[in-house]
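Content type PDB, C-alpha atoms, from the file run-v4.pdb:
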ATOM      1  CA  MET E1245      -1.960 -25.687   1.460
ATOM      2  CA  GLY E1246       1.664 -25.231   2.552
ATOM      3  CA  ILE E1247       2.991 -22.667   5.005
ATOM      4  CA  TYR E1248       4.451 -20.642   2.124
ATOM      5  CA  SER E1249       1.195 -20.394   0.162
ATOM      6  CA  PRO E1250      -0.977 -17.304   0.749
ATOM      7  CA  ILE E1251      -4.751 -17.317   0.696
ATOM      8  CA  LYS E1252      -6.792 -14.647  -1.092
ATOM      9  CA  ALA E1253      -7.833 -11.567   0.895
ATOM     10  CA  LYS E1254     -10.167  -9.063  -0.753
ATOM     11  CA  ILE E1255     -10.146  -5.373   0.170
ATOM     12  CA  THR E1256     -13.687  -4.276   1.070
ATOM     13  CA  LYS E1257     -12.955  -0.821   2.494
ATOM     14  CA  ILE E1258     -10.070   1.634   2.814
ATOM     15  CA  ILE E1259      -9.917   4.230   5.601
ATOM     16  CA  GLU E1260      -7.449   7.112   5.324
ATOM     17  CA  GLU E1261      -6.121   7.654   8.839
ATOM     18  CA  THR E1262      -3.435  10.233   7.987
ATOM     19  CA  SER E1263      -1.584  11.384   4.876
ATOM     20  CA  ALA E1264       0.761   8.390   5.211
ATOM     21  CA  ILE E1265      -1.381   5.789   7.031
ATOM     22  CA  LYS E1266      -4.370   3.813   5.773
ATOM     23  CA  THR E1267      -6.485   1.083   7.320
ATOM     24  CA  PHE E1268      -7.529  -1.697   4.940
ATOM     25  CA  VAL E1269     -10.540  -3.891   5.673
ATOM     26  CA  PHE E1270     -10.262  -7.437   4.269
ATOM     27  CA  GLU E1271     -12.440 -10.473   3.913
ATOM     28  CA  THR E1272     -11.517 -14.017   2.921
ATOM     29  CA  GLU E1273     -13.673 -16.797   1.513
ATOM     30  CA  LYS E1274     -13.698 -18.829   4.739
ATOM     31  CA  GLY E1275     -13.185 -16.120   7.329
ATOM     32  CA  PHE E1276      -9.995 -15.462   9.264
ATOM     33  CA  SER E1277      -9.001 -15.959  12.904
ATOM     34  CA  PHE E1278      -6.055 -14.650  14.907
ATOM     35  CA  SER E1279      -5.111 -13.926  18.507
ATOM     36  CA  THR E1280      -4.520 -10.319  19.489
ATOM     37  CA  GLY E1281      -0.853  -9.466  18.941
ATOM     38  CA  GLN E1282      -0.192 -12.119  16.309
ATOM     39  CA  PHE E1283       0.912 -10.958  12.863
ATOM     40  CA  VAL E1284       0.327 -11.855   9.218
ATOM     41  CA  GLU E1285       2.285 -11.611   5.995
ATOM     42  CA  LEU E1286       0.487  -9.525   3.379
ATOM     43  CA  THR E1287       1.464 -10.062  -0.250
ATOM     44  CA  TYR E1288       1.085  -7.768  -3.246
ATOM     45  CA  PRO E1289       1.318 -10.166  -6.210
ATOM     46  CA  GLY E1290       4.429  -9.582  -8.289
ATOM     47  CA  ILE E1291       5.805  -6.964  -5.885
ATOM     48  CA  GLY E1292       6.548  -8.532  -2.514
ATOM     49  CA  GLU E1293       5.231  -9.009   0.983
ATOM     50  CA  ALA E1294       5.589  -7.511   4.442
ATOM     51  CA  PRO E1295       4.527  -8.417   7.999
ATOM     52  CA  PHE E1296       1.707  -6.554   9.766
ATOM     53  CA  THR E1297      -0.211  -7.055  12.973
ATOM     54  CA  PRO E1298      -3.993  -6.877  12.460
ATOM     55  CA  SER E1299      -5.492  -3.801  14.095
ATOM     56  CA  SER E1300      -9.054  -5.104  14.450
ATOM     57  CA  SER E1301     -10.737  -7.170  17.126
ATOM     58  CA  PRO E1302      -9.900 -10.898  16.986
ATOM     59  CA  LEU E1303     -13.513 -11.544  17.942
ATOM     60  CA  ARG E1304     -14.553 -10.578  14.408
ATOM     61  CA  LYS E1305     -14.258 -13.586  12.102
ATOM     62  CA  ASP E1306     -15.973 -12.276   8.956
ATOM     63  CA  GLU E1307     -13.447  -9.503   8.285
ATOM     64  CA  PHE E1308     -10.235  -8.056   9.674
ATOM     65  CA  GLU E1309      -8.253  -4.823   9.399
ATOM     66  CA  ILE E1310      -4.618  -3.993   8.790
ATOM     67  CA  THR E1311      -3.288  -0.470   9.288
ATOM     68  CA  ILE E1312      -0.346   0.318   7.003
ATOM     69  CA  MET E1313       2.092   3.226   7.001
ATOM     70  CA  LYS E1314       3.703   4.064   3.673
ATOM     71  CA  VAL E1315       7.438   3.760   4.296
ATOM     72  CA  GLY E1316       8.884   1.936   1.275
ATOM     73  CA  LYS E1317       8.296   0.229  -2.053
ATOM     74  CA  VAL E1318       5.974  -2.567  -0.900
ATOM     75  CA  THR E1319       3.883  -0.407   1.429
ATOM     76  CA  ALA E1320       3.590   2.206  -1.334
ATOM     77  CA  PHE E1321       2.002  -0.447  -3.567
ATOM     78  CA  PHE E1322      -0.384  -1.380  -0.765
ATOM     79  CA  HIS E1323      -1.383   2.284  -0.490
ATOM     80  CA  ASN E1324      -2.195   2.316  -4.208
ATOM     81  CA  ALA E1325      -4.531  -0.677  -3.883
ATOM     82  CA  LYS E1326      -8.257  -0.165  -4.434
ATOM     83  CA  VAL E1327     -11.449  -1.596  -2.977
ATOM     84  CA  GLY E1328     -12.045  -4.906  -4.730
ATOM     85  CA  ASP E1329      -8.356  -5.735  -5.160
ATOM     86  CA  VAL E1330      -7.263  -9.164  -3.960
ATOM     87  CA  LEU E1331      -3.998  -9.540  -2.024
ATOM     88  CA  GLY E1332      -2.257 -12.578  -0.590
ATOM     89  CA  LEU E1333      -2.327 -13.435   3.106
ATOM     90  CA  ARG E1334      -0.174 -15.812   5.148
ATOM     91  CA  GLY E1335      -0.589 -16.496   8.832
ATOM     92  CA  PRO E1336      -1.373 -15.800  11.556
ATOM     93  CA  TYR E1337       2.068 -16.266  13.042
ATOM     94  CA  GLY E1338       3.821 -15.802  16.350
ATOM     95  CA  ARG E1339       2.627 -15.302  19.896
ATOM     96  CA  GLY E1340       0.299 -12.511  20.897
ATOM     97  CA  TYR E1341      -0.615 -10.863  24.175
ATOM     98  CA  PRO E1342      -1.249 -13.202  27.127
ATOM     99  CA  VAL E1343      -4.517 -11.480  27.994
ATOM    100  CA  GLU E1344      -5.285 -14.097  30.630
ATOM    101  CA  ASN E1345      -2.338 -12.692  32.637
ATOM    102  CA  PHE E1346      -3.902  -9.227  32.631
ATOM    103  CA  ARG E1347      -7.199 -10.135  34.255
ATOM    104  CA  ASN E1348      -8.028  -8.575  37.645
ATOM    105  CA  LYS E1349      -5.189  -6.090  37.192
ATOM    106  CA  GLU E1350      -4.728  -2.495  36.151
ATOM    107  CA  VAL E1351      -3.481  -2.324  32.555
ATOM    108  CA  LEU E1352      -1.307   0.470  31.158
ATOM    109  CA  ILE E1353      -1.029   0.657  27.365
ATOM    110  CA  VAL E1354       1.546   3.012  25.812
ATOM    111  CA  GLY E1355       1.667   3.511  22.039
ATOM    112  CA  GLY E1356       3.591   5.714  19.665
ATOM    113  CA  GLY E1357       2.680   6.593  16.067
ATOM    114  CA  VAL E1358       1.411   3.679  13.999
ATOM    115  CA  GLY E1359       2.372   1.476  16.968
ATOM    116  CA  LEU E1360      -1.182   2.046  18.146
ATOM    117  CA  ALA E1361      -2.321  -0.381  15.403
ATOM    118  CA  PRO E1362      -1.359  -3.653  17.161
ATOM    119  CA  LEU E1363      -2.460  -2.114  20.448
ATOM    120  CA  ARG E1364      -5.870  -1.289  18.988
ATOM    121  CA  SER E1365      -6.535  -5.006  18.562
ATOM    122  CA  LEU E1366      -5.592  -5.522  22.206
ATOM    123  CA  ILE E1367      -7.737  -2.568  23.301
ATOM    124  CA  PHE E1368     -10.768  -4.061  21.527
ATOM    125  CA  THR E1369     -10.085  -7.369  23.270
ATOM    126  CA  LEU E1370      -9.925  -5.718  26.693
ATOM    127  CA  PHE E1371     -13.028  -3.637  25.997
ATOM    128  CA  SER E1372     -14.978  -6.800  25.168
ATOM    129  CA  SER E1373     -14.746  -7.834  28.847
ATOM    130  CA  LEU E1374     -14.060  -4.586  30.717
ATOM    131  CA  ASP E1375     -15.250  -5.940  34.052
ATOM    132  CA  ASP E1376     -12.348  -8.411  34.029
ATOM    133  CA  PHE E1377      -9.838  -5.579  34.509
ATOM    134  CA  LYS E1378      -9.566  -3.122  37.389
ATOM    135  CA  LYS E1379      -8.629  -0.214  35.150
ATOM    136  CA  ILE E1380      -7.269   0.492  31.669
ATOM    137  CA  VAL E1381      -4.984   3.481  31.090
ATOM    138  CA  ILE E1382      -4.093   4.339  27.480
ATOM    139  CA  CYS E1383      -1.264   6.772  26.704
ATOM    140  CA  TYR E1384      -0.637   7.610  23.059
ATOM    141  CA  GLY E1385       1.766   9.954  21.299
ATOM    142  CA  ALA E1386       2.057  11.080  17.684
ATOM    143  CA  ARG E1387       4.333  13.479  15.821
ATOM    144  CA  THR E1388       1.635  16.077  15.164
ATOM    145  CA  PRO E1389      -2.166  16.303  15.618
ATOM    146  CA  GLN E1390      -2.515  15.343  11.947
ATOM    147  CA  ASP E1391      -0.559  12.123  12.591
ATOM    148  CA  ILE E1392      -2.958  10.772  15.214
ATOM    149  CA  VAL E1393      -4.600   7.556  14.005
ATOM    150  CA  TYR E1394      -8.136   6.331  14.819
ATOM    151  CA  LYS E1395      -9.223   9.856  15.775
ATOM    152  CA  SER E1396     -12.961   9.163  15.972
ATOM    153  CA  GLN E1397     -12.539   5.974  17.968
ATOM    154  CA  ILE E1398     -10.159   7.596  20.429
ATOM    155  CA  LYS E1399     -12.938  10.037  21.278
ATOM    156  CA  GLU E1400     -15.250   7.108  21.967
ATOM    157  CA  TRP E1401     -12.699   5.391  24.202
ATOM    158  CA  ARG E1402     -12.827   8.293  26.637
ATOM    159  CA  GLY E1403     -16.399   7.351  27.472
ATOM    160  CA  TYR E1404     -15.733   3.759  28.497
ATOM    161  CA  LYS E1405     -16.058   2.759  32.137
ATOM    162  CA  ASN E1406     -12.729   2.625  34.029
ATOM    163  CA  VAL E1407     -10.798   3.744  30.925
ATOM    164  CA  HIS E1408      -8.386   6.672  31.234
ATOM    165  CA  LEU E1409      -6.868   8.210  28.104
ATOM    166  CA  ARG E1410      -3.948  10.616  27.672
ATOM    167  CA  LEU E1411      -2.691  12.030  24.364
ATOM    168  CA  THR E1412       0.392  13.989  23.378
ATOM    169  CA  VAL E1413       2.064  15.249  20.204
ATOM    170  CA  ASP E1414       5.698  16.097  19.590
ATOM    171  CA  LYS E1415       4.698  19.323  17.857
ATOM    172  CA  GLY E1416       1.338  21.037  18.247
ATOM    173  CA  ASP E1417      -0.503  23.612  16.148
ATOM    174  CA  ASN E1418      -2.896  26.479  16.841
ATOM    175  CA  LYS E1419      -5.841  24.056  17.182
ATOM    176  CA  TRP E1420      -4.138  21.616  19.559
ATOM    177  CA  ASP E1421      -4.866  22.250  23.232
ATOM    178  CA  GLY E1422      -3.410  19.018  24.612
ATOM    179  CA  ASN E1423       0.008  18.036  25.872
ATOM    180  CA  VAL E1424       3.058  18.747  23.715
ATOM    181  CA  GLY E1425       6.063  16.482  24.207
ATOM    182  CA  VAL E1426       7.217  12.903  23.742
ATOM    183  CA  VAL E1427       5.020  10.143  25.124
ATOM    184  CA  THR E1428       7.029   9.781  28.341
ATOM    185  CA  THR E1429       5.848  13.268  29.360
ATOM    186  CA  ILE E1430       2.316  11.954  29.912
ATOM    187  CA  LEU E1431       3.399   9.050  32.106
ATOM    188  CA  GLU E1432       3.691  11.158  35.255
ATOM    189  CA  ASN E1433       1.099  10.810  38.025
ATOM    190  CA  LEU E1434      -0.915   8.122  36.276
ATOM    191  CA  PRO E1435      -4.035   6.888  38.079
ATOM    192  CA  LEU E1436      -2.715   3.399  38.802
ATOM    193  CA  LYS E1437      -0.575   1.397  41.201
ATOM    194  CA  ALA E1438       2.505   0.697  39.105
ATOM    195  CA  LYS E1439       3.883  -2.206  41.125
ATOM    196  CA  GLU E1440       0.637  -4.103  40.706
ATOM    197  CA  ALA E1441      -0.050  -3.072  37.094
ATOM    198  CA  VAL E1442       0.658  -4.621  33.717
ATOM    199  CA  GLY E1443       2.455  -2.442  31.163
ATOM    200  CA  ILE E1444       2.287  -2.876  27.381
ATOM    201  CA  VAL E1445       4.393  -0.866  24.909
ATOM    202  CA  CYS E1446       4.437  -0.637  21.104
ATOM    203  CA  GLY E1447       5.953   1.993  18.846
ATOM    204  CA  PRO E1448       9.221   3.067  17.207
ATOM    205  CA  PRO E1449      12.327   1.503  18.831
ATOM    206  CA  ILE E1450      13.588   4.755  20.386
ATOM    207  CA  MET E1451      10.149   5.433  21.873
ATOM    208  CA  MET E1452       9.941   1.880  23.220
ATOM    209  CA  LYS E1453      13.382   2.139  24.798
ATOM    210  CA  PHE E1454      12.719   5.285  26.791
ATOM    211  CA  THR E1455       9.151   4.311  27.615
ATOM    212  CA  THR E1456      10.351   0.972  28.975
ATOM    213  CA  LEU E1457      12.967   2.708  31.123
ATOM    214  CA  LYS E1458      10.318   5.117  32.396
ATOM    215  CA  LEU E1459       7.849   2.361  33.259
ATOM    216  CA  LEU E1460      10.534   0.438  35.148
ATOM    217  CA  GLU E1461      11.421   3.631  37.007
ATOM    218  CA  MET E1462       7.743   4.072  37.898
ATOM    219  CA  GLY E1463       7.669   0.603  39.432
ATOM    220  CA  ILE E1464       6.268  -1.638  36.680
ATOM    221  CA  LEU E1465       7.874  -5.030  37.271
ATOM    222  CA  PRO E1466       9.867  -6.650  34.410
ATOM    223  CA  GLN E1467       7.650  -9.733  34.607
ATOM    224  CA  ASN E1468       4.570  -7.522  34.132
ATOM    225  CA  LEU E1469       5.938  -5.545  31.177
ATOM    226  CA  TYR E1470       5.182  -6.655  27.603
ATOM    227  CA  LEU E1471       6.815  -5.293  24.460
ATOM    228  CA  SER E1472       5.815  -5.746  20.827
ATOM    229  CA  MET E1473       9.195  -6.255  19.118
ATOM    230  CA  GLU E1474       8.078  -6.234  15.493
ATOM    231  CA  LYS E1475      11.144  -4.702  13.855
ATOM    232  CA  ASN E1476      13.162  -6.604  11.241
ATOM    233  CA  MET E1477      10.636  -9.398  10.672
ATOM    234  CA  SER E1478      10.648 -10.710   7.127
ATOM    235  CA  CYS E1479       9.728 -14.311   6.306
ATOM    236  CA  GLY E1480       7.487 -14.908   9.313
ATOM    237  CA  LEU E1481       8.725 -18.481   9.699
ATOM    238  CA  GLY E1482      12.063 -18.209  11.469
ATOM    239  CA  LYS E1483      13.948 -19.147   8.298
ATOM    240  CA  CYS E1484      15.630 -15.937   7.124
ATOM    241  CA  GLY E1485      17.149 -14.905  10.466
ATOM    242  CA  HIS E1486      16.491 -11.171  10.007
ATOM    243  CA  CYS E1487      14.575 -10.924  13.272
ATOM    244  CA  ARG E1488      17.063 -12.755  15.511
ATOM    245  CA  LEU E1489      16.929 -11.392  19.062
ATOM    246  CA  GLY E1490      19.469 -13.187  21.216
ATOM    247  CA  LYS E1491      18.317 -16.805  21.334
ATOM    248  CA  TYR E1492      14.878 -15.848  20.009
ATOM    249  CA  TYR E1493      13.317 -15.299  16.608
ATOM    250  CA  VAL E1494      10.820 -12.463  16.892
ATOM    251  CA  CYS E1495       8.495 -13.974  14.292
ATOM    252  CA  LYS E1496       8.286 -17.339  16.066
ATOM    253  CA  ASP E1497       8.870 -16.532  19.744
ATOM    254  CA  GLY E1498       7.200 -13.108  19.627
ATOM    255  CA  PRO E1499       6.419 -10.561  18.423
ATOM    256  CA  VAL E1500       5.109  -9.984  21.952
ATOM    257  CA  PHE E1501       7.771 -10.544  24.606
ATOM    258  CA  CYS E1502       7.775 -10.237  28.353
ATOM    259  CA  PHE E1503      10.569  -7.815  29.235
ATOM    260  CA  GLU E1504      11.824 -10.212  31.897
ATOM    261  CA  ASP E1505      12.761 -12.672  29.131
ATOM    262  CA  ILE E1506      14.734 -10.239  26.958
ATOM    263  CA  LYS E1507      16.071  -7.591  29.359
ATOM    264  CA  ASP E1508      19.592  -9.053  29.400
ATOM    265  CA  ILE E1509      19.955  -9.275  25.618
ATOM    266  CA  HIS E1510      22.434  -6.723  24.267
ATOM    267  CA  ASP E1511      21.105  -3.932  22.033
ATOM    268  CA  ILE E1512      17.495  -5.105  21.888
ATOM    269  CA  TRP E1513      16.508  -1.646  20.606
ATOM    270  CA  ASP E1514      18.823  -1.619  17.571
TER
END

Re-express the file's structure as C-alpha cells.
Amino acid sequence: MGIYSPIKAKITKIIEETSAIKTFVFETEKGFSFSTGQFVELTYPGIGEAPFTPSSSPLRKDEFEITIMKVGKVTAFFHNAKVGDVLGLRGPYGRGYPVENFRNKEVLIVGGGVGLAPLRSLIFTLFSSLDDFKKIVICYGARTPQDIVYKSQIKEWRGYKNVHLRLTVDKGDNKWDGNVGVVTTILENLPLKAKEAVGIVCGPPIMMKFTTLKLLEMGILPQNLYLSMEKNMSCGLGKCGHCRLGKYYVCKDGPVFCFEDIKDIHDIWD
C-alpha cells in the first residue's frame, strides 16, 4: 500500500464533548499504532480529508480516538458520521513528544480549547508511568464552562498522585465557581520550579503565543519548551508546502517542536 492510500477505519462510538466538538472512537482490521503527538489524515470518501492528532493513549492498539471540532465543510461531514460508518485513515505522520526527555522532571502542560485533544494523548502516556515524573501540572482554558472537553475525565485527573490541575474559562456563568480569564491568568504561583521544568503548549495560535511568552518569563528554558504547531497542515507528506515554517515542514519535522529550534523564525504564530 502506498503512502497516499488510506486504510479503513470504522467508527465504533461517538462521544459528544460540546455542541461543536465530538470524540470518535475507531477500530481498524489490524489495529493501529502511533506515538503520542503524531498525527493522522482522516478521509471522508468523496468529500475530502483533514489532519488530526489522536487524543487517546498510544498504548491502546485495538482502538484509537480522534476529537474533532466542527469548523468547516470537511469537519461538518465528520460530525454527521454515524457509528458503523467507515472512513479512510493515513498515517501516523510526523514527530511526537519526546517523552524520554521529560522523565525525572516536573512537567507543565498548558492547553486551550480543543488543543487539549493532542495533550490528552500525552497526559495518558505520562499517567501510565507517573513515578517517572516528579510532578505533572495541567492548566486548561476554554471559552465557557460548556466548551470544556473531557469533563468527566478531568475530574478523575484531580485524584492522581502528584498531579495538579487548574481550569479557567474566558466567560463564566452562574454555575461556574472557578477562575475566569484567559489561560495565562492561571499560570501564576504554580507549584513547580520553572527553570528545571518542561513546558508543553497546545491551543489556538494567539493562546500559544502569549502562553509561550508567559512561560519564558516564568523561567521555562527554550530548550525545555515544546509546542504543537499543527496549523496549516494539509497533505501530511511535505509535498503541498502549506505548513512551511522557516526551513521546516510542520507535517514532517513536527508537529511537535522544541521552542529553541523555532524561536528565531519570523511570525511563527501567523

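Residues in contact range of E:Glu1350, defined as at most 9 Å between only C-alpha atoms, with sequence neighbours fewer than 2 positions away removed, read Phe1346, Arg1347, Asn1348, Leu1352, Phe1377, Lys1378, Lys1379, Ile1380, Val1381, Leu1436, Lys1437, Ala1438, Glu1440, Ala1441, Val1442 and Gly1443 of chain E.
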
message = When you look at stretch 1309-1321 of chain E with a cut-off of 9 Å (counting all atoms listed in the file), what residues show up, excluding the ones that are within fewer than 5 positions of it in the same chain? I need them as an MDAnalysis selection string.
response = chainID E and resid 1259 1261:1262 1264:1271 1287:1288 1291:1294 1296:1301 1358 1361:1362

For stretch 1454-1459 of chain E: contacts at 8 Å, only C-alpha atoms, fewer than 3 positions along chain excluded, given as a PyMOL selection string = chain E and resi 1354+1427-1428+1431+1443+1445+1450-1451+1462-1464

Please dump the current selection as a PDB file, keeping the file's coordinate frame; keep C-alpha atoms.
ATOM      1  CA  VAL E1354       1.546   3.012  25.812  1.00  0.00           C
ATOM      2  CA  VAL E1427       5.020  10.143  25.124  1.00  0.00           C
ATOM      3  CA  THR E1428       7.029   9.781  28.341  1.00  0.00           C
ATOM      4  CA  LEU E1431       3.399   9.050  32.106  1.00  0.00           C
ATOM      5  CA  GLY E1443       2.455  -2.442  31.163  1.00  0.00           C
ATOM      6  CA  VAL E1445       4.393  -0.866  24.909  1.00  0.00           C
ATOM      7  CA  ILE E1450      13.588   4.755  20.386  1.00  0.00           C
ATOM      8  CA  MET E1451      10.149   5.433  21.873  1.00  0.00           C
ATOM      9  CA  MET E1462       7.743   4.072  37.898  1.00  0.00           C
ATOM     10  CA  GLY E1463       7.669   0.603  39.432  1.00  0.00           C
ATOM     11  CA  ILE E1464       6.268  -1.638  36.680  1.00  0.00           C
TER      12      ILE E1464
END

ask   = So how many Å separate atom CA of E:Gly1480 and atom CA of E:Phe1278, to one decimal?
value =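 Calculated distance between atom CA of E:Gly1480 and atom CA of E:Phe1278 is 14.7 Å.
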
Please report as a tab-separated table every residue of stretch 1292-1363 of chain E lying within 6 Å of stretch 1484-1508 of chain E, along with the nearest atom pair and their distance in Å (one decimal), using all atoms listed in the file.
residue	atom	partner	partner_atom	distance
E:Gly1338	CA	E:Lys1496	CA	4.7
E:Arg1339	CA	E:Gly1498	CA	5.1
E:Gly1340	CA	E:Val1500	CA	5.5

key: Distance of atom CA of E:Tyr1248 from atom CA of E:Lys1475, expressed in Å to one decimal place   =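 Atom CA of E:Tyr1248 lies 20.9 Å from atom CA of E:Lys1475.
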
Could you work out an axis-aligned bounding box for all listed atoms of stretch 1478-1486 of chain E, with 8 Å added on each of the six sides, and give its centre and edge lengths in Å to one decimal, as JSON?
{"center_x": 12.3, "center_y": -14.9, "center_z": 8.9, "size_x": 25.7, "size_y": 24.4, "size_z": 21.2}

Atomic separation - atom CA of E:Cys1446 relative to atom CA of E:Leu1333, Å = 23.1 Å

Excluding stretch 1249-1256 of chain E and any residue of its chain fewer than 3 positions from it, enumerate the residues within 9 Å of it, using only C-alpha atoms, and give them as a compact mmCIF listing (two decimals) with C-alpha atoms, in the coordinates of the input.
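Output contents, as saved in part_23.txt:
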# COMPACT_ATOMS: atom_id res chain seq x y z
CA MET E 1245 -1.96 -25.69 1.46
CA GLY E 1246 1.66 -25.23 2.55
CA PHE E 1268 -7.53 -1.70 4.94
CA VAL E 1269 -10.54 -3.89 5.67
CA PHE E 1270 -10.26 -7.44 4.27
CA GLU E 1271 -12.44 -10.47 3.91
CA THR E 1272 -11.52 -14.02 2.92
CA GLU E 1273 -13.67 -16.80 1.51
CA GLU E 1285 2.28 -11.61 6.00
CA LEU E 1286 0.49 -9.52 3.38
CA THR E 1287 1.46 -10.06 -0.25
CA GLU E 1307 -13.45 -9.50 8.28
CA ALA E 1325 -4.53 -0.68 -3.88
CA LYS E 1326 -8.26 -0.16 -4.43
CA VAL E 1327 -11.45 -1.60 -2.98
CA GLY E 1328 -12.04 -4.91 -4.73
CA ASP E 1329 -8.36 -5.74 -5.16
CA VAL E 1330 -7.26 -9.16 -3.96
CA LEU E 1331 -4.00 -9.54 -2.02
CA GLY E 1332 -2.26 -12.58 -0.59
CA LEU E 1333 -2.33 -13.44 3.11
CA ARG E 1334 -0.17 -15.81 5.15
CA GLY E 1335 -0.59 -16.50 8.83

task = Tell me, as a PyMOL selection string, which residues lie within 12 Å of E:Glu1344, counting all atoms listed in the file; anything in the same chain fewer than 5 positions away does not count.
result = chain E and resi 1280+1349+1369-1370+1373+1376-1377+1442

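Distance check against E:Asp1511 using all atoms listed in the file: of E:Cys1383, E:Gly1275, E:Pro1449, E:Ser1365, the minimum falls on E:Pro1449.
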
task = Name the closest residue to E:Cys1479 among the candidates E:Tyr1337, E:Lys1257, E:Arg1304, E:Asp1421; distances are taken between atoms, counting all atoms listed in the file.
result = E:Tyr1337

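Between E:Val1351 and the residues E:Lys1453, E:Lys1439, E:Lys1274, E:Lys1399, the shortest atom-to-atom distance, using only C-alpha atoms, involves E:Lys1439.
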
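Remark: for E:Lys1405, the closest of the candidate residues E:Leu1366, E:Phe1371, E:Tyr1470, E:Pro1342 is E:Phe1371 (distances computed over all atoms listed in the file).
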
inquiry  = I'd like the residues picked by the PyMOL selection byres ((chain E and resi 1412-1419) around 6) written out as a list in words, using the chain letters and numbers from the file.
reply    = Gly1385, Ala1386, Arg1387, Thr1388, Leu1411, Trp1420, Asn1423, Val1424, Gly1425 and Val1426 of chain E

Please supply stretch 1446-1461 of chain E, rebuilt with N, CA and C atoms, as a JSON list (two decimals), in the coordinates of the input.
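Saved file out10.json follows:
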[["chain", "number", "residue", "atom", "x", "y", "z"],
["E", 1446, "CYS", "N", 4.21, -0.40, 22.53],
["E", 1446, "CYS", "CA", 4.44, -0.64, 21.10],
["E", 1446, "CYS", "C", 4.64, 0.69, 20.40],
["E", 1447, "GLY", "N", 5.67, 0.77, 19.57],
["E", 1447, "GLY", "CA", 5.95, 1.99, 18.85],
["E", 1447, "GLY", "C", 7.34, 1.92, 18.23],
["E", 1448, "PRO", "N", 7.87, 3.05, 17.76],
["E", 1448, "PRO", "CA", 9.22, 3.07, 17.21],
["E", 1448, "PRO", "C", 10.24, 2.63, 18.27],
["E", 1449, "PRO", "N", 11.35, 2.02, 17.86],
["E", 1449, "PRO", "CA", 12.33, 1.50, 18.83],
["E", 1449, "PRO", "C", 12.79, 2.53, 19.86],
["E", 1450, "ILE", "N", 13.09, 3.76, 19.44],
["E", 1450, "ILE", "CA", 13.59, 4.76, 20.39],
["E", 1450, "ILE", "C", 12.51, 5.11, 21.41],
["E", 1451, "MET", "N", 11.26, 5.17, 20.95],
["E", 1451, "MET", "CA", 10.15, 5.43, 21.87],
["E", 1451, "MET", "C", 9.99, 4.27, 22.86],
["E", 1452, "MET", "N", 10.10, 3.04, 22.36],
["E", 1452, "MET", "CA", 9.94, 1.88, 23.22],
["E", 1452, "MET", "C", 11.05, 1.81, 24.26],
["E", 1453, "LYS", "N", 12.25, 2.17, 23.86],
["E", 1453, "LYS", "CA", 13.38, 2.14, 24.80],
["E", 1453, "LYS", "C", 13.14, 3.06, 25.99],
["E", 1454, "PHE", "N", 12.84, 4.32, 25.70],
["E", 1454, "PHE", "CA", 12.72, 5.28, 26.79],
["E", 1454, "PHE", "C", 11.41, 5.11, 27.56],
["E", 1455, "THR", "N", 10.39, 4.61, 26.90],
["E", 1455, "THR", "CA", 9.15, 4.31, 27.62],
["E", 1455, "THR", "C", 9.35, 3.14, 28.57],
["E", 1456, "THR", "N", 10.06, 2.12, 28.12],
["E", 1456, "THR", "CA", 10.35, 0.97, 28.98],
["E", 1456, "THR", "C", 11.14, 1.41, 30.20],
["E", 1457, "LEU", "N", 12.17, 2.22, 29.99],
["E", 1457, "LEU", "CA", 12.97, 2.71, 31.12],
["E", 1457, "LEU", "C", 12.11, 3.51, 32.10],
["E", 1458, "LYS", "N", 11.20, 4.31, 31.55],
["E", 1458, "LYS", "CA", 10.32, 5.12, 32.40],
["E", 1458, "LYS", "C", 9.36, 4.24, 33.20],
["E", 1459, "LEU", "N", 8.79, 3.23, 32.56],
["E", 1459, "LEU", "CA", 7.85, 2.36, 33.26],
["E", 1459, "LEU", "C", 8.55, 1.58, 34.37],
["E", 1460, "LEU", "N", 9.77, 1.13, 34.11],
["E", 1460, "LEU", "CA", 10.53, 0.44, 35.15],
["E", 1460, "LEU", "C", 10.83, 1.38, 36.31],
["E", 1461, "GLU", "N", 11.17, 2.62, 35.98],
["E", 1461, "GLU", "CA", 11.42, 3.63, 37.01],
["E", 1461, "GLU", "C", 10.17, 3.90, 37.85]]
